[in-house]
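*Asks:* Below you will find the structure I want to go over with you.
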Protein chains: 2
Amino acid sequence: MSLKIYLAQINNKVGDISFNSSLILDVIKNANEKKCDLVIFPEMSLCGYPCEDLWKKEYFINECLKELENIVAATKNTSAAILIGCPYIEKKGNHKAQIFNALFLIENNEIKYVIKKKSLPNYGVFDENRYFDASSALSYVDFRNKKLAIIICEDFWDNKNLYLLKEQSFDALIVVNSSPFEVNKKYLRLDRAKNFAKSKAAGVIYVNQVGAQDNLVFDGASFAVNKFGQIVKILKDFQEDFVIFDSNDFDKNISDLLIYKNSLDFLNLNDEDLRLVYSACVVGLRDYLAKNNFKNIILGMSGGIDSALVAAISCDAISSDNVKLYALPSRFNSNNSMSDARICSANIGVNLEVISIENIFSSMISTLYDYCSFANSSESSQLARENIQSRIRGNILMAISNVNSSLLISTGNKSELATGYSTIYGDMCGAFNPLKDLYKTQIYQLAKWRNNNASDLFFLNKKNIIPKSIIEKEPSAELRENQKDSDNLGSYEILDKILYEMIDNEKSISEIINKGFDKYLVEKIAKLFYNSEFKRRQSVIGVKISSMSFDKDRRYPITNSYKK
Amino acid sequence: MSLKIYLAQINNKVGDISFNSSLILDVIKNANEKKCDLVIFPEMSLCGYPCEDLWKKEYFINECLKELENIVAATKNTSAAILIGCPYIEKKGNHKAQIFNALFLIENNEIKYVIKKKSLPNYGVFDENRYFDASSALSYVDFRNKKLAIIICEDFWDNKNLYLLKEQSFDALIVVNSSPFEVNKKYLRLDRAKNFAKSKAAGVIYVNQVGAQDNLVFDGASFAVNKFGQIVKILKDFQEDFVIFDSNDFDKNISDLLIYKNSLDFLNLNDEDLRLVYSACVVGLRDYLAKNNFKNIILGMSGGIDSALVAAISCDAISSDNVKLYALPSRFNSNNSMSDARICSANIGVNLEVISIENIFSSMISTLYDYCSFANSSESSQLARENIQSRIRGNILMAISNVNSSLLISTGNKSELATGYSTIYGDMCGAFNPLKDLYKTQIYQLAKWRNNNASDLFFLNKKNIIPKSIIEKEPSAELRENQKDSDNLGSYEILDKILYEMIDNEKSISEIINKGFDKYLVEKIAKLFYNSEFKRRQSVIGVKISSMSFDKDRRYPITNSYKK
């Protein structure tokens with residue numbers, strides 16, 4: 001007899017126990033109508049993931065467990081059992097209570113099994129040792145004449161566990177996840193599941209969360225792999241999706257539903273990865289707004305590639321009607337930039353308001369004339385003059401945001417944030433930054449990809465959004481006469497390669513020089529990089545794209561004498 | 001035969017391996033001149049603590065271990081053995097290398113023992129599970145006819161370890177630490193050591209680091225306790241100190257060197273705790289500057305208590321010569337405030353520059369007149385108008401900071417940051433904030449304490465710095481006519497009590513109401529608190545004072561529907 005398994009790839013909200021519960025109850029009802037045997041929800045479905053220090057509060061966990069009783073009751077006299085994630089407090093005798101990242105297997109008004117996570121991730125963005133105790137063993141469950149191995153997310157990535165699983169006999173492996181998006185993660189998950197299924201000759205079901213939480217985007221893309229290691233089901237990425245899978249299909253030899261090729265070079269992404277990355281930016285921004293109850297975005301448009309791309313992402317995320325664009329020129333902004341900003345705004349169907357900052361800039365300069373030595377043109381007073389412009393823009397945009405209850409979106413890319421080539425309290429102002437974890441060269445790739453592609457995930461049903469002139473012109477902050485980014489940073493092609501080695505690959509300066517990069521340049525970039533740690537610490541959160549985002553993956557001291 | 005033990009309470013630098021090494025070598029030389037048997041350095045002395053993700057880099061750890069060879073060599077044919085902290089990589093056969101938080105006992109050119117930390121703290125500000133493997137056992141060492149139990153910091157706070165220690169016989173317990181300052185921590189350490197020593201009838205030596213690293217201040221106050229549980233040595237707090245202790249003193253019954261009474265109410269600190277807290281602020285700021293190679297501070301002086309206190313702390317930290325003060329009045333600032341700012345500046349011997357922001361403010365208002373609906377006086381446009389002033393000040397101070405390579409110091413207190421009663425990119429601008437973890441009512445206590453006390457730790461050899469009128473007047477942001485903080489926040493006395501329950505004690509809204517606080521007020525404050533999470537995430541680092549500072553102790557999602 002086969003099992004009808006319902007994969008419920010839901011988008012829940014951190015801390016919204018009643019919203020999550022009603023979402024879950026709807027799904028259960030639907031699964032029962034379809035006579036399913038088992039509904040599988042993602043990790044920590046009832047509370048959301050990650051809850052961070054909410055998990056430290058016993059009253060929060062107790063409220064989750066209280067709500068779980070309603071879900072238990074909903075399974076009374078129904079066909080579908082459910083497997084659902086929720087934190088769990090275990091109290092044994094006089095011992096200190098233990099808290100687990102757990103799954104509950106619930107059938108006919110009864111909790112049949114509590115499955116506890118064994119391997120707690122405490123690297124990258126994860127801090128699970130801060131919150132949870134670890135189970136000492138993996139869980140096997142007897143369910144309707146099948147034996148199922150059920151594990152939680154990191155359990156699947158710990159080689160010791162796969163070794164233990166291979167020693168046991170069971171019919172299928174179920175992996176329940178809240179696994180955040182990263183370039184190549186989808187490939188890694190599929191590849192690992194396929195290899196395990198084939199070597200064990202057992203099916204694998206992998207259920208992931210979808211939607212965004214602060215800096216993390218969960219890409220969904222849940223799947224089932226048969227015992228031959230072939231992908232037999234794959235759910236949508238970046239959208240809620242619900243699919244019924246028949247366990248008989250574990251035994252049918254077919255051809256793979258999906259051949260996914262990962263990008264070999266992180267700085268040169270293939271089209272499929274660009275689609276995933278762009279979708280992550282859209283969903284990251286969309287959910288940040290929705291889950292924080294904001295409807296509108298405002299954005300400064302410089303005429304450069306970063307703000308143009310963010311404008312496109314914003315319209316794709318919440319539609320052009322909810323986006324307002326402002327150009328805030330000073331004497332240093334070229335006519336070309338203004339015209340590029342106008343064309344791009346027109347392409348996405350948003351009016352561009354133009355507010356000159358000249359009067360304010362003049363007042364600032366005259367008020368500070370003596371204090372900032374503007375009479376001489378030392379590098380430090382030049383720099384102050386540049387930052388003043390950027391901060392006037394920040395002040396204007398924040399004021400407009402205050403009055404309209406709209407969120408200011410920040411547009412600094414990873415290359416800029418890495419080198420400190422951005423003004424703190426100026427262009428770094430904002431509540432969210434979709435480009436935070438993207439190198440400048442990747443920004444260009446994304447812009448070109450979006451010009452050639454659309455998707456039903458995006459509000460804007462249109463291609464060729466970003467004018468060619470924006471993509472082709474030399475990047476400039478336009479904060480002084482004839483300025484180019486390359487005056488300070490060299491070419492972005494080389495810069496990004498060096499930064500990628502330094503940040504993502506955690507290589508030392510000497511290791512990077514040994515790869516053939518110019519010693520002087522590498523040392524200069526390293527200095528910029530380490531000296532701008534204090535800026536990054538005050539930067540706004542943004543979408544995690546790489547395995548070394550600035551938000552939680554990389555945790556560096558500001559006061560640090562080791563800059564190698 | 002007794003042991004002469006040298007307690008080396010040093011101030012090292014995170015990542016400055018060669019600086020730390022030369023500091024250590026000087027101490028070793030001195031200890032040998034004094035014919036000591038053993039020199040004890042703090043936890044992780046060679047690399048500094050905490051190194052955060054530097055510890056993930058194998059090349060960094062290898063460089064520490066390479067430098068350790070020089071320290072080993074320095075013990076050749078000398079009397080003094082040394083006990084020194086350093087990260088350690090252990091590679092056994094084909095297993096994955098393990099990284100430990102370790103101590104090396106070095107004698108006559110040889111590493112005699114490697115002692116590995118057993119209990120890794122992964123709560124509060126600590127993330128040691130991210131970096132280290134845990135030892136499975138405690139370490140006992142035979143040294144010159146004595147048996148010593150040697151443990152590292154958190155090992156001492158894990159009750160299981162004290163239980164294990166009590167089962168073993170040894171002559172003395174050595175605890176090697178990098179234990180950051182917190183109110184009452186000194187009392188807790190002493191109390192725990194005294195109780196252990198008495199119950200075990202064995203001496204305890206506790207060596208702590210001193211100095212600051214980013215948000216953490218290590219207060220030193222290393223000590224020795226005899227087998228009767230009496231304090232027989234205690235080193236200075238907040239300063240480097242070096243003391244020789246004779247192990248015979250473990251057996252001599254004396255009267256305690258120190259009776260330390262902790263404050264019973266965190267919001268009403270006693271004089272001794274105020275001295276410690278003020279010292280932490282001074283050392284936190286001083287070391288942040290020194291270890292980041294900055295010499296000068298600038299500061300906005302409003303005439304209010306926060307900036308007055310920070311001005312005093314700044315002068316105490318780096319002397320009045322290195323501090324510059326700026327008053328930046330708009331039409332809303334009272335003459336009284338200006339006069340208070342002037343008097344306070346004169347008291348600390350710093351000239352007060354006055355720069356009116358009126359012209360810039362007028363340009364901002366006229367440029368944004370239509371965009372921010374300044375014609376009508378809705379609450380949101382009033383708020384925008386307030387924030388504009390604060391951000392103009394931020395822009396001015398940052399420009400001056402850019403030109404003079406001086407650090408802008410931020411002055412927001414914990415009550416303000418908790419309620420969002422501060423302007424992001426405005427008065428929240430700055431590179432460091434000595435008051436970040438202090439409630440407003442504690443700010444008043446500190447100001448009064450400093451008016452009555454001085455210390456050789458402070459540059460300013462003077463009392464009565466902060467004018468009485470500043471301490472006595474009603475607090476106001478002075479951003480609109482006749483504004484008072486209490487219009488929005490109620491009295492700080494009540495506000496701080498509610499915040500303390502909510503934040504430091506992690507109580508739920510209903511638990512706080514059950515303690516007798518007004519329901520409406522508690523709910524209003526909770527809303528302000530949870531809705532300002534995004535501001536805190538972008539706030540500057542500051543000195544940790546409590547067990548629940550905003551920097552690393554409290555880690556909350558921004559997107560969070562659970563506001564209970």
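Quick note on naming: the chains in the structure tokens go A, B, ... in the order shown, residues restart at 1 in each chain, and ligands are numbered from 1 in order of appearance.
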Residues of chain B within 6 Å of chain A, counting only C-alpha atoms, what are they? List them as a list in words.
*Replies:*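 So the residues of chain B near chain A are Val14, Gly15, Asp16, Glu52, Asp53, Asn122, Tyr123, Arg130, Asp214, Asn292, Ile360, Ser363, Cys372, Ser380, Ser381, Ala384, Ala399, Ile400, Asn402, Val403, Tyr425, Gln538, Ser539, Arg555, Tyr556, Thr559, Asn560, Ser561 and Tyr562 of chain B.
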*Asks:* Can you list, as a count of residues only, every residue of region 202-433 of chain B that DSSP puts in alpha helix (DSSP H)?
*Replies:* 90
*Asks:* Neighbours of Ala102 (chain A) within 8 Å (only C-alpha atoms; same-chain residues fewer than 2 positions away dropped), as a list in words?
*Replies:* Met44, Gly85, Cys86, Pro87, Tyr88, Phe100, Phe104, Val114, Ile115, Lys116 and Lys117 of chain A
*Asks:* How would the residues just chosen look if you wrote them out with C-alpha atoms as a PDB file, in the first residue's frame?
*Replies:*
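And here's out-v7.pdb as it stands now:
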```pdb
ATOM      1  CA  MET A  44       9.568  25.341  12.868  1.00  0.00           C
ATOM      2  CA  GLY A  85       7.893  21.766  13.363  1.00  0.00           C
ATOM      3  CA  CYS A  86       7.680  23.571  16.699  1.00  0.00           C
ATOM      4  CA  PRO A  87      10.040  24.237  19.622  1.00  0.00           C
ATOM      5  CA  TYR A  88       9.664  21.761  22.473  1.00  0.00           C
ATOM      6  CA  PHE A 100      14.617  21.200  21.353  1.00  0.00           C
ATOM      7  CA  PHE A 104       5.654  16.440  16.003  1.00  0.00           C
ATOM      8  CA  VAL A 114       8.404  13.870  18.970  1.00  0.00           C
ATOM      9  CA  ILE A 115      11.448  14.040  16.709  1.00  0.00           C
ATOM     10  CA  LYS A 116      14.336  16.164  17.945  1.00  0.00           C
ATOM     11  CA  LYS A 117      17.113  17.751  15.936  1.00  0.00           C
TER      12      LYS A 117
END
```
*Asks:* CA of Ser406 (chain A) to CA of Leu325 (chain A): how many Å, to one decimal?
*Replies:*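 According to the coordinates, CA of Ser406 (chain A) and CA of Leu325 (chain A) are separated by 11.6 Å.
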*Asks:* Could you tell me how far CA of Ala81 (chain A) lies from CA of Ser136 (chain A), in Å and to one decimal?
*Replies:*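 So the answer is 25.6 Å.
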*Asks:* Between B:Leu267, B:Ala149, B:Leu274, B:Ala137, which is the closest to Glu501 (chain B) once you count only C-alpha atoms?
*Replies:* B:Leu267
